[in-house]
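So this one's my_file.cif, mmCIF, N, CA and C atoms:
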data_upload
loop_
_atom_site.label_atom_id
_atom_site.label_comp_id
_atom_site.auth_asym_id
_atom_site.auth_seq_id
_atom_site.Cartn_x
_atom_site.Cartn_y
_atom_site.Cartn_z
N MET A 1 108.97 139.04 106.87
CA MET A 1 109.92 138.11 107.44
C MET A 1 111.34 138.53 107.05
N GLU A 2 112.26 138.40 107.98
CA GLU A 2 113.65 138.77 107.72
C GLU A 2 114.31 137.73 106.82
N PRO A 3 115.20 138.18 105.91
CA PRO A 3 115.93 137.21 105.09
C PRO A 3 116.72 136.27 105.99
N GLY A 4 116.74 134.98 105.61
CA GLY A 4 117.50 134.00 106.37
C GLY A 4 116.78 133.46 107.59
N LYS A 5 115.59 133.94 107.88
CA LYS A 5 114.82 133.47 109.03
C LYS A 5 113.60 132.71 108.55
N ALA A 6 113.44 131.48 109.04
CA ALA A 6 112.27 130.68 108.67
C ALA A 6 111.10 131.04 109.57
N SER A 7 109.92 131.05 109.01
CA SER A 7 108.73 131.30 109.81
C SER A 7 108.39 130.03 110.58
N LYS A 8 107.53 130.15 111.60
CA LYS A 8 107.10 128.97 112.34
C LYS A 8 106.45 127.96 111.41
N ARG A 9 105.67 128.46 110.46
CA ARG A 9 104.98 127.59 109.52
C ARG A 9 105.98 126.77 108.69
N ASP A 10 107.10 127.36 108.34
CA ASP A 10 108.09 126.69 107.50
C ASP A 10 109.08 125.85 108.29
N ALA A 11 109.07 125.94 109.61
CA ALA A 11 110.09 125.29 110.43
C ALA A 11 110.20 123.80 110.17
N GLY A 12 109.10 123.09 110.02
CA GLY A 12 109.16 121.65 109.78
C GLY A 12 108.89 121.26 108.35
N LYS A 13 108.75 122.25 107.48
CA LYS A 13 108.39 121.97 106.09
C LYS A 13 109.47 121.17 105.36
N ALA A 14 110.72 121.52 105.55
CA ALA A 14 111.81 120.80 104.86
C ALA A 14 111.83 119.35 105.28
N ALA A 15 111.75 119.10 106.58
CA ALA A 15 111.78 117.72 107.07
C ALA A 15 110.58 116.94 106.55
N SER A 16 109.43 117.58 106.54
CA SER A 16 108.21 116.93 106.05
C SER A 16 108.33 116.56 104.57
N GLN A 17 108.83 117.47 103.78
CA GLN A 17 108.98 117.22 102.34
C GLN A 17 110.00 116.12 102.07
N LEU A 18 111.10 116.14 102.80
CA LEU A 18 112.11 115.09 102.64
C LEU A 18 111.54 113.73 103.03
N ARG A 19 110.83 113.70 104.15
CA ARG A 19 110.23 112.44 104.62
C ARG A 19 109.27 111.89 103.57
N LYS A 20 108.42 112.76 103.00
CA LYS A 20 107.48 112.31 101.96
C LYS A 20 108.21 111.71 100.77
N GLY A 21 109.34 112.29 100.43
CA GLY A 21 110.09 111.84 99.26
C GLY A 21 110.76 110.50 99.42
N VAL A 22 111.15 110.15 100.63
CA VAL A 22 111.91 108.91 100.81
C VAL A 22 111.20 107.85 101.64
N LEU A 23 110.07 108.19 102.23
CA LEU A 23 109.40 107.26 103.14
C LEU A 23 109.06 105.92 102.48
N GLU A 24 108.54 105.98 101.26
CA GLU A 24 108.18 104.76 100.54
C GLU A 24 109.37 103.80 100.46
N TYR A 25 110.52 104.33 100.11
CA TYR A 25 111.69 103.47 99.93
C TYR A 25 112.28 103.01 101.27
N CYS A 26 112.14 103.82 102.29
CA CYS A 26 112.58 103.39 103.61
C CYS A 26 111.69 102.26 104.13
N VAL A 27 110.40 102.35 103.86
CA VAL A 27 109.48 101.27 104.25
C VAL A 27 109.83 100.00 103.48
N LEU A 28 110.09 100.12 102.19
CA LEU A 28 110.51 98.95 101.41
C LEU A 28 111.80 98.37 101.98
N ALA A 29 112.75 99.23 102.34
CA ALA A 29 114.03 98.76 102.90
C ALA A 29 113.83 98.03 104.22
N LEU A 30 112.89 98.51 105.03
CA LEU A 30 112.62 97.82 106.29
C LEU A 30 112.11 96.40 106.07
N MET A 31 111.44 96.17 104.96
CA MET A 31 110.90 94.84 104.65
C MET A 31 111.89 93.96 103.88
N ARG A 32 113.05 94.49 103.58
CA ARG A 32 114.03 93.76 102.78
C ARG A 32 114.38 92.39 103.38
N ASP A 33 114.49 92.33 104.70
CA ASP A 33 114.92 91.08 105.34
C ASP A 33 113.77 90.19 105.78
N GLY A 34 112.55 90.58 105.48
CA GLY A 34 111.42 89.73 105.82
C GLY A 34 110.17 90.53 106.12
N PRO A 35 109.05 89.83 106.25
CA PRO A 35 107.76 90.50 106.46
C PRO A 35 107.69 91.23 107.80
N LEU A 36 106.96 92.34 107.79
CA LEU A 36 106.72 93.13 109.00
C LEU A 36 105.25 93.53 109.02
N TYR A 37 104.73 93.77 110.21
CA TYR A 37 103.37 94.28 110.31
C TYR A 37 103.41 95.78 110.56
N GLY A 38 102.28 96.45 110.36
CA GLY A 38 102.22 97.90 110.36
C GLY A 38 102.78 98.57 111.60
N VAL A 39 102.38 98.11 112.78
CA VAL A 39 102.85 98.74 114.02
C VAL A 39 104.36 98.59 114.17
N GLU A 40 104.89 97.47 113.72
CA GLU A 40 106.34 97.26 113.78
C GLU A 40 107.06 98.23 112.84
N LEU A 41 106.50 98.45 111.66
CA LEU A 41 107.07 99.43 110.73
C LEU A 41 107.06 100.83 111.35
N LEU A 42 105.94 101.20 111.95
CA LEU A 42 105.84 102.51 112.61
C LEU A 42 106.89 102.65 113.71
N ARG A 43 107.06 101.62 114.51
CA ARG A 43 108.03 101.67 115.61
C ARG A 43 109.44 101.85 115.08
N ARG A 44 109.79 101.12 114.03
CA ARG A 44 111.14 101.25 113.47
C ARG A 44 111.37 102.62 112.83
N LEU A 45 110.36 103.15 112.19
CA LEU A 45 110.49 104.50 111.64
C LEU A 45 110.65 105.52 112.76
N GLU A 46 109.90 105.34 113.83
CA GLU A 46 110.00 106.25 114.97
C GLU A 46 111.38 106.20 115.61
N GLU A 47 111.97 105.00 115.69
CA GLU A 47 113.31 104.85 116.27
C GLU A 47 114.35 105.64 115.49
N SER A 48 114.11 105.85 114.20
CA SER A 48 115.07 106.59 113.39
C SER A 48 115.08 108.07 113.73
N GLY A 49 114.02 108.55 114.35
CA GLY A 49 113.91 109.98 114.67
C GLY A 49 113.35 110.78 113.51
N ALA A 50 114.13 110.99 112.49
CA ALA A 50 113.74 111.85 111.37
C ALA A 50 112.60 111.27 110.54
N LEU A 51 112.40 109.95 110.60
CA LEU A 51 111.37 109.33 109.78
C LEU A 51 110.11 108.97 110.56
N ALA A 52 110.03 109.41 111.79
CA ALA A 52 108.83 109.14 112.60
C ALA A 52 107.61 109.71 111.89
N THR A 53 106.55 108.91 111.83
CA THR A 53 105.33 109.33 111.15
C THR A 53 104.14 108.70 111.85
N SER A 54 102.98 108.86 111.28
CA SER A 54 101.77 108.38 111.94
C SER A 54 101.14 107.22 111.17
N GLN A 55 100.17 106.56 111.83
CA GLN A 55 99.41 105.51 111.18
C GLN A 55 98.68 106.06 109.96
N GLY A 56 98.21 107.30 110.07
CA GLY A 56 97.48 107.93 108.98
C GLY A 56 98.33 108.16 107.74
N THR A 57 99.63 108.07 107.88
CA THR A 57 100.54 108.17 106.73
C THR A 57 100.97 106.78 106.27
N VAL A 58 101.33 105.92 107.22
CA VAL A 58 101.90 104.61 106.86
C VAL A 58 100.87 103.66 106.25
N TYR A 59 99.67 103.58 106.83
CA TYR A 59 98.71 102.61 106.31
C TYR A 59 98.24 102.93 104.89
N PRO A 60 97.96 104.19 104.55
CA PRO A 60 97.66 104.48 103.13
C PRO A 60 98.85 104.18 102.21
N LEU A 61 100.06 104.43 102.69
CA LEU A 61 101.26 104.10 101.91
C LEU A 61 101.33 102.60 101.67
N LEU A 62 101.11 101.80 102.72
CA LEU A 62 101.13 100.34 102.57
C LEU A 62 100.05 99.87 101.61
N ALA A 63 98.87 100.48 101.67
CA ALA A 63 97.79 100.11 100.74
C ALA A 63 98.20 100.42 99.30
N ARG A 64 98.85 101.56 99.09
CA ARG A 64 99.31 101.91 97.74
C ARG A 64 100.39 100.96 97.26
N LEU A 65 101.34 100.62 98.16
CA LEU A 65 102.40 99.67 97.79
C LEU A 65 101.80 98.32 97.40
N ARG A 66 100.74 97.95 98.09
CA ARG A 66 100.05 96.69 97.78
C ARG A 66 99.36 96.79 96.41
N ARG A 67 98.64 97.89 96.16
CA ARG A 67 97.98 98.09 94.85
C ARG A 67 98.99 98.10 93.71
N ASP A 68 100.17 98.68 93.99
CA ASP A 68 101.23 98.75 92.98
C ASP A 68 102.02 97.45 92.87
N GLU A 69 101.61 96.46 93.65
CA GLU A 69 102.23 95.12 93.65
C GLU A 69 103.70 95.14 94.04
N LEU A 70 104.06 96.10 94.91
CA LEU A 70 105.42 96.14 95.45
C LEU A 70 105.51 95.34 96.74
N VAL A 71 104.37 95.15 97.40
CA VAL A 71 104.29 94.30 98.59
C VAL A 71 103.08 93.40 98.47
N GLU A 72 103.13 92.29 99.18
CA GLU A 72 101.97 91.43 99.32
C GLU A 72 101.74 91.22 100.81
N THR A 73 100.54 90.83 101.14
CA THR A 73 100.20 90.71 102.56
C THR A 73 99.75 89.30 102.89
N SER A 74 99.90 88.99 104.17
CA SER A 74 99.38 87.73 104.70
C SER A 74 98.98 87.97 106.15
N TRP A 75 98.01 87.21 106.61
CA TRP A 75 97.57 87.30 107.99
C TRP A 75 98.28 86.22 108.79
N GLN A 76 98.79 86.61 109.96
CA GLN A 76 99.46 85.64 110.84
C GLN A 76 98.92 85.80 112.24
N GLU A 77 98.74 84.69 112.90
CA GLU A 77 98.28 84.71 114.28
C GLU A 77 99.30 85.41 115.16
N SER A 78 98.82 86.06 116.20
CA SER A 78 99.67 86.75 117.15
C SER A 78 99.47 86.14 118.53
N ALA A 79 100.57 85.93 119.24
CA ALA A 79 100.49 85.39 120.60
C ALA A 79 99.91 86.42 121.57
N SER A 80 99.92 87.70 121.17
CA SER A 80 99.50 88.75 122.10
C SER A 80 98.28 89.53 121.60
N GLY A 81 97.40 88.89 120.84
CA GLY A 81 96.22 89.60 120.39
C GLY A 81 95.67 89.02 119.10
N PRO A 82 94.92 89.84 118.37
CA PRO A 82 94.31 89.36 117.12
C PRO A 82 95.37 89.11 116.04
N PRO A 83 94.98 88.42 114.97
CA PRO A 83 95.93 88.19 113.87
C PRO A 83 96.43 89.52 113.32
N ARG A 84 97.63 89.49 112.78
CA ARG A 84 98.26 90.69 112.23
C ARG A 84 98.46 90.54 110.74
N ARG A 85 98.31 91.66 110.03
CA ARG A 85 98.59 91.67 108.60
C ARG A 85 100.06 92.01 108.41
N TYR A 86 100.78 91.08 107.81
CA TYR A 86 102.20 91.27 107.53
C TYR A 86 102.38 91.68 106.07
N TYR A 87 103.34 92.55 105.86
CA TYR A 87 103.66 93.07 104.53
C TYR A 87 105.04 92.54 104.15
N GLU A 88 105.13 92.05 102.91
CA GLU A 88 106.39 91.47 102.43
C GLU A 88 106.66 91.95 101.02
N LEU A 89 107.93 92.19 100.72
CA LEU A 89 108.30 92.65 99.38
C LEU A 89 108.02 91.58 98.33
N THR A 90 107.54 92.02 97.19
CA THR A 90 107.42 91.16 96.01
C THR A 90 108.71 91.32 95.21
N ALA A 91 108.81 90.59 94.12
CA ALA A 91 109.96 90.77 93.22
C ALA A 91 110.00 92.21 92.71
N ALA A 92 108.83 92.78 92.39
CA ALA A 92 108.79 94.17 91.93
C ALA A 92 109.21 95.13 93.04
N GLY A 93 108.87 94.82 94.28
CA GLY A 93 109.29 95.64 95.42
C GLY A 93 110.80 95.61 95.60
N HIS A 94 111.38 94.43 95.46
CA HIS A 94 112.84 94.31 95.55
C HIS A 94 113.50 95.10 94.42
N ALA A 95 112.92 95.05 93.22
CA ALA A 95 113.48 95.79 92.08
C ALA A 95 113.38 97.30 92.31
N ALA A 96 112.24 97.77 92.83
CA ALA A 96 112.08 99.21 93.10
C ALA A 96 113.08 99.67 94.15
N LEU A 97 113.28 98.85 95.18
CA LEU A 97 114.26 99.19 96.22
C LEU A 97 115.67 99.20 95.65
N ALA A 98 115.99 98.23 94.80
CA ALA A 98 117.32 98.18 94.18
C ALA A 98 117.57 99.42 93.32
N GLU A 99 116.55 99.84 92.57
CA GLU A 99 116.69 101.04 91.74
C GLU A 99 116.94 102.27 92.60
N PHE A 100 116.16 102.43 93.68
CA PHE A 100 116.34 103.57 94.57
C PHE A 100 117.73 103.53 95.22
N THR A 101 118.14 102.35 95.64
CA THR A 101 119.45 102.18 96.27
C THR A 101 120.57 102.58 95.31
N HIS A 102 120.37 102.32 94.03
CA HIS A 102 121.36 102.68 93.01
C HIS A 102 121.38 104.20 92.77
N VAL A 103 120.21 104.82 92.75
CA VAL A 103 120.08 106.25 92.43
C VAL A 103 120.42 107.14 93.62
N TRP A 104 120.12 106.68 94.84
CA TRP A 104 120.23 107.52 96.03
C TRP A 104 121.61 108.14 96.25
N PRO A 105 122.73 107.41 96.17
CA PRO A 105 124.02 108.05 96.47
C PRO A 105 124.32 109.27 95.59
N ALA A 106 124.06 109.19 94.30
CA ALA A 106 124.33 110.33 93.43
C ALA A 106 123.40 111.49 93.75
N PHE A 107 122.14 111.17 94.05
CA PHE A 107 121.17 112.20 94.42
C PHE A 107 121.60 112.89 95.72
N ARG A 108 121.94 112.08 96.72
CA ARG A 108 122.40 112.61 98.01
C ARG A 108 123.65 113.47 97.84
N ASP A 109 124.60 112.98 97.05
CA ASP A 109 125.84 113.73 96.84
C ASP A 109 125.58 115.05 96.13
N ALA A 110 124.63 115.06 95.17
CA ALA A 110 124.32 116.30 94.46
C ALA A 110 123.71 117.32 95.42
N VAL A 111 122.80 116.87 96.28
CA VAL A 111 122.20 117.77 97.26
C VAL A 111 123.27 118.28 98.22
N ASP A 112 124.12 117.37 98.72
CA ASP A 112 125.20 117.78 99.62
C ASP A 112 126.11 118.81 98.96
N HIS A 113 126.35 118.65 97.66
CA HIS A 113 127.20 119.60 96.93
C HIS A 113 126.59 121.01 96.98
N PHE A 114 125.29 121.09 96.75
CA PHE A 114 124.64 122.40 96.75
C PHE A 114 124.50 122.98 98.15
N LEU A 115 124.39 122.13 99.15
CA LEU A 115 124.23 122.62 100.52
C LEU A 115 125.54 123.02 101.18
N ALA A 116 126.65 122.51 100.68
CA ALA A 116 127.96 122.82 101.26
C ALA A 116 128.26 124.30 101.04
N PRO A 117 128.84 124.95 102.04
CA PRO A 117 129.21 126.36 101.85
C PRO A 117 130.16 126.49 100.66
N SER A 118 129.91 127.48 99.83
CA SER A 118 130.76 127.64 98.66
C SER A 118 132.07 128.33 99.06
N ARG A 119 133.09 127.99 98.32
CA ARG A 119 134.38 128.65 98.52
C ARG A 119 134.41 129.89 97.64
N GLN A 120 135.15 130.88 98.07
CA GLN A 120 135.26 132.14 97.31
C GLN A 120 135.71 131.83 95.88
N GLY A 121 134.97 132.32 94.90
CA GLY A 121 135.38 132.17 93.51
C GLY A 121 134.79 130.95 92.82
N ASP A 122 134.14 130.05 93.55
CA ASP A 122 133.59 128.83 92.93
C ASP A 122 132.54 129.13 91.88
N HIS A 123 131.87 130.26 91.97
CA HIS A 123 130.75 130.53 91.08
C HIS A 123 131.09 131.48 89.96
N ARG A 124 132.37 131.84 89.81
CA ARG A 124 132.74 132.73 88.72
C ARG A 124 132.67 131.99 87.39
N SER A 125 132.29 132.67 86.35
CA SER A 125 132.18 132.09 85.04
C SER A 125 133.53 131.50 84.62
N GLY A 126 133.47 130.27 84.12
CA GLY A 126 134.69 129.63 83.64
C GLY A 126 135.39 128.80 84.69
N ASP A 127 135.04 128.94 85.95
CA ASP A 127 135.67 128.10 86.99
C ASP A 127 135.15 126.68 86.88
N THR A 128 135.98 125.73 87.19
CA THR A 128 135.54 124.35 87.26
C THR A 128 135.34 123.97 88.70
N PRO A 129 134.36 123.12 88.98
CA PRO A 129 134.08 122.75 90.37
C PRO A 129 135.19 121.98 91.02
#

Written form, structure tokens:
Amino acid sequence: MEPGKASKRDAGKAASQLRKGVLEYCVLALMRDGPLYGVELLRRLEESGALATSQGTVYPLLARLRRDELVETSWQESASGPPRRYYELTAAGHAALAEFTHVWPAFRDAVDHFLAPSRQGDHRSGDTP
């Protein structure tokens, strides 16, 4: 493979890894304003574009969030079909989201710093950023 060229196999790897790293907290953030059911969460993630994922990813994630007591569930009747399982943040879920919200800006800024094209001389010994 030529330097600087991604293989077909690696083409979506970065996006996939980033999505895995933040999906849990994005799902928690979607529930911040109230309970949502699984298909609604999937639709909202899909609308974002970069966070679109499958049922095979979201439902195991929701089950883990429930086991970790970050969300709780309830069944609600639906006017358009069978009852739906709604997921809602617990106090621990709100705390986990608050922690991520606090940490994310510095993390994002650090990544942006490394991804920004360097200026000539920035990496010489003794230079300050």

Given the PyMOL selection byres (((chain A and resi 50 and name CA) around 10) and name CA), the residues it picks as a PyMOL selection string: chain A and resi 15-16+18-19+45-49+51-53

For the residues in the current selection, export N, CA and C atoms as a short mmCIF file (atom, residue, chain, number, x, y, z; two decimals), in the coordinates of the input.
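Now in again_28.cif:
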data_model
loop_
_atom_site.label_atom_id
_atom_site.label_comp_id
_atom_site.auth_asym_id
_atom_site.auth_seq_id
_atom_site.Cartn_x
_atom_site.Cartn_y
_atom_site.Cartn_z
N ALA A 15 111.75 119.10 106.58
CA ALA A 15 111.78 117.72 107.07
C ALA A 15 110.58 116.94 106.55
N SER A 16 109.43 117.58 106.54
CA SER A 16 108.21 116.93 106.05
C SER A 16 108.33 116.56 104.57
N LEU A 18 111.10 116.14 102.80
CA LEU A 18 112.11 115.09 102.64
C LEU A 18 111.54 113.73 103.03
N ARG A 19 110.83 113.70 104.15
CA ARG A 19 110.23 112.44 104.62
C ARG A 19 109.27 111.89 103.57
N LEU A 45 110.36 103.15 112.19
CA LEU A 45 110.49 104.50 111.64
C LEU A 45 110.65 105.52 112.76
N GLU A 46 109.90 105.34 113.83
CA GLU A 46 110.00 106.25 114.97
C GLU A 46 111.38 106.20 115.61
N GLU A 47 111.97 105.00 115.69
CA GLU A 47 113.31 104.85 116.27
C GLU A 47 114.35 105.64 115.49
N SER A 48 114.11 105.85 114.20
CA SER A 48 115.07 106.59 113.39
C SER A 48 115.08 108.07 113.73
N GLY A 49 114.02 108.55 114.35
CA GLY A 49 113.91 109.98 114.67
C GLY A 49 113.35 110.78 113.51
N LEU A 51 112.40 109.95 110.60
CA LEU A 51 111.37 109.33 109.78
C LEU A 51 110.11 108.97 110.56
N ALA A 52 110.03 109.41 111.79
CA ALA A 52 108.83 109.14 112.60
C ALA A 52 107.61 109.71 111.89
N THR A 53 106.55 108.91 111.83
CA THR A 53 105.33 109.33 111.15
C THR A 53 104.14 108.70 111.85
#

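Pairwise distance (atom CA of A:Leu28, atom CA of A:Ser80) equals 25.6 Å.
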
Distance in Å - atom N of A:Trp104 versus atom N of A:Gly21: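 Calculated distance between atom N of A:Trp104 and atom N of A:Gly21 is 13.4 Å.
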
Residues within 12 Å of A:Glu72, only C-alpha atoms, excluding chain neighbours under 6 positions, as a PyMOL selection string: chain A and resi 28+31+34-37+62-66+85-94

Distance of atom CA of A:Tyr25 from atom CA of A:Arg67, expressed in Å to one decimal place: 15.6 Å

Filtered DSSP result for chain A, state strand (DSSP E), as number ranges by chain: A: 36-37, 71-78, 81-89

All helix (DSSP H, G or I) positions in stretch 9-128 of chain A, as a ChimeraX atom specification: /A:13-30,38-48,55-67,91-115

Nearest candidate to A:Arg84 (options A:Gly12, A:Ser54, A:Gly38, A:Val22; using only N, CA and C atoms):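 Distance minimum relative to A:Arg84 lands on A:Gly38.
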
As an mmCIF file, in the frame of the given file, could you write out stretch 59-70 of chain A once it has been completed with all heavy atoms?
data_model
loop_
_atom_site.group_PDB
_atom_site.id
_atom_site.type_symbol
_atom_site.label_atom_id
_atom_site.label_comp_id
_atom_site.auth_asym_id
_atom_site.auth_seq_id
_atom_site.Cartn_x
_atom_site.Cartn_y
_atom_site.Cartn_z
ATOM 1 N N TYR A 59 99.670 103.580 106.830
ATOM 2 C CA TYR A 59 98.710 102.610 106.310
ATOM 3 C C TYR A 59 98.240 102.930 104.890
ATOM 4 O O TYR A 59 98.159 102.021 104.056
ATOM 5 C CB TYR A 59 97.574 102.374 107.297
ATOM 6 C CG TYR A 59 98.033 101.502 108.445
ATOM 7 C CD1 TYR A 59 98.269 102.041 109.696
ATOM 8 C CD2 TYR A 59 98.282 100.147 108.257
ATOM 9 C CE1 TYR A 59 98.722 101.253 110.750
ATOM 10 C CE2 TYR A 59 98.729 99.345 109.290
ATOM 11 C CZ TYR A 59 98.944 99.900 110.539
ATOM 12 O OH TYR A 59 99.406 99.101 111.557
ATOM 13 N N PRO A 60 97.960 104.190 104.550
ATOM 14 C CA PRO A 60 97.660 104.480 103.130
ATOM 15 C C PRO A 60 98.850 104.180 102.210
ATOM 16 O O PRO A 60 98.670 103.710 101.085
ATOM 17 C CB PRO A 60 97.315 105.966 103.139
ATOM 18 C CG PRO A 60 96.833 106.230 104.527
ATOM 19 C CD PRO A 60 97.673 105.340 105.398
ATOM 20 N N LEU A 61 100.060 104.430 102.690
ATOM 21 C CA LEU A 61 101.260 104.100 101.910
ATOM 22 C C LEU A 61 101.330 102.600 101.670
ATOM 23 O O LEU A 61 101.583 102.144 100.548
ATOM 24 C CB LEU A 61 102.521 104.595 102.631
ATOM 25 C CG LEU A 61 103.852 104.129 102.042
ATOM 26 C CD1 LEU A 61 104.034 104.629 100.611
ATOM 27 C CD2 LEU A 61 104.999 104.581 102.918
ATOM 28 N N LEU A 62 101.110 101.800 102.720
ATOM 29 C CA LEU A 62 101.130 100.340 102.570
ATOM 30 C C LEU A 62 100.050 99.870 101.610
ATOM 31 O O LEU A 62 100.294 98.960 100.794
ATOM 32 C CB LEU A 62 100.981 99.672 103.937
ATOM 33 C CG LEU A 62 102.181 99.819 104.877
ATOM 34 C CD1 LEU A 62 101.821 99.352 106.284
ATOM 35 C CD2 LEU A 62 103.393 99.068 104.342
ATOM 36 N N ALA A 63 98.870 100.480 101.670
ATOM 37 C CA ALA A 63 97.790 100.110 100.740
ATOM 38 C C ALA A 63 98.200 100.420 99.300
ATOM 39 O O ALA A 63 97.950 99.620 98.382
ATOM 40 C CB ALA A 63 96.514 100.854 101.104
ATOM 41 N N ARG A 64 98.850 101.560 99.090
ATOM 42 C CA ARG A 64 99.310 101.910 97.740
ATOM 43 C C ARG A 64 100.390 100.960 97.260
ATOM 44 O O ARG A 64 100.390 100.512 96.109
ATOM 45 C CB ARG A 64 99.814 103.354 97.687
ATOM 46 C CG ARG A 64 100.190 103.786 96.270
ATOM 47 C CD ARG A 64 100.518 105.256 96.167
ATOM 48 N NE ARG A 64 101.554 105.694 97.070
ATOM 49 C CZ ARG A 64 102.868 105.461 96.906
ATOM 50 N NH1 ARG A 64 103.295 104.771 95.871
ATOM 51 N NH2 ARG A 64 103.738 105.926 97.769
ATOM 52 N N LEU A 65 101.340 100.620 98.160
ATOM 53 C CA LEU A 65 102.400 99.670 97.790
ATOM 54 C C LEU A 65 101.800 98.320 97.400
ATOM 55 O O LEU A 65 102.286 97.653 96.488
ATOM 56 C CB LEU A 65 103.391 99.505 98.941
ATOM 57 C CG LEU A 65 104.239 100.726 99.284
ATOM 58 C CD1 LEU A 65 105.069 100.473 100.538
ATOM 59 C CD2 LEU A 65 105.133 101.123 98.114
ATOM 60 N N ARG A 66 100.740 97.950 98.090
ATOM 61 C CA ARG A 66 100.050 96.690 97.780
ATOM 62 C C ARG A 66 99.360 96.790 96.410
ATOM 63 O O ARG A 66 99.476 95.878 95.593
ATOM 64 C CB ARG A 66 99.050 96.376 98.878
ATOM 65 C CG ARG A 66 98.392 95.038 98.728
ATOM 66 C CD ARG A 66 97.496 94.766 99.911
ATOM 67 N NE ARG A 66 96.865 93.479 99.740
ATOM 68 C CZ ARG A 66 95.765 93.119 100.352
ATOM 69 N NH1 ARG A 66 95.176 93.938 101.207
ATOM 70 N NH2 ARG A 66 95.242 91.937 100.146
ATOM 71 N N ARG A 67 98.640 97.890 96.160
ATOM 72 C CA ARG A 67 97.980 98.090 94.850
ATOM 73 C C ARG A 67 98.990 98.100 93.710
ATOM 74 O O ARG A 67 98.726 97.597 92.617
ATOM 75 C CB ARG A 67 97.197 99.393 94.836
ATOM 76 C CG ARG A 67 95.834 99.325 95.448
ATOM 77 C CD ARG A 67 95.009 100.563 95.144
ATOM 78 N NE ARG A 67 95.689 101.829 95.374
ATOM 79 C CZ ARG A 67 95.757 102.470 96.540
ATOM 80 N NH1 ARG A 67 95.185 101.958 97.603
ATOM 81 N NH2 ARG A 67 96.391 103.621 96.642
ATOM 82 N N ASP A 68 100.170 98.680 93.990
ATOM 83 C CA ASP A 68 101.230 98.750 92.980
ATOM 84 C C ASP A 68 102.020 97.450 92.870
ATOM 85 O O ASP A 68 102.992 97.378 92.110
ATOM 86 C CB ASP A 68 102.184 99.903 93.299
ATOM 87 C CG ASP A 68 101.531 101.269 93.147
ATOM 88 O OD1 ASP A 68 100.428 101.364 92.561
ATOM 89 O OD2 ASP A 68 102.127 102.260 93.638
ATOM 90 N N GLU A 69 101.610 96.460 93.650
ATOM 91 C CA GLU A 69 102.230 95.120 93.650
ATOM 92 C C GLU A 69 103.700 95.140 94.040
ATOM 93 O O GLU A 69 104.490 94.316 93.587
ATOM 94 C CB GLU A 69 101.998 94.427 92.312
ATOM 95 C CG GLU A 69 100.515 94.236 92.004
ATOM 96 C CD GLU A 69 100.241 93.546 90.685
ATOM 97 O OE1 GLU A 69 101.186 93.369 89.863
ATOM 98 O OE2 GLU A 69 99.072 93.183 90.467
ATOM 99 N N LEU A 70 104.060 96.100 94.910
ATOM 100 C CA LEU A 70 105.420 96.140 95.450
ATOM 101 C C LEU A 70 105.510 95.340 96.740
ATOM 102 O O LEU A 70 106.604 94.920 97.136
ATOM 103 C CB LEU A 70 105.864 97.584 95.681
ATOM 104 C CG LEU A 70 105.910 98.459 94.417
ATOM 105 C CD1 LEU A 70 106.311 99.882 94.775
ATOM 106 C CD2 LEU A 70 106.845 97.875 93.377
#
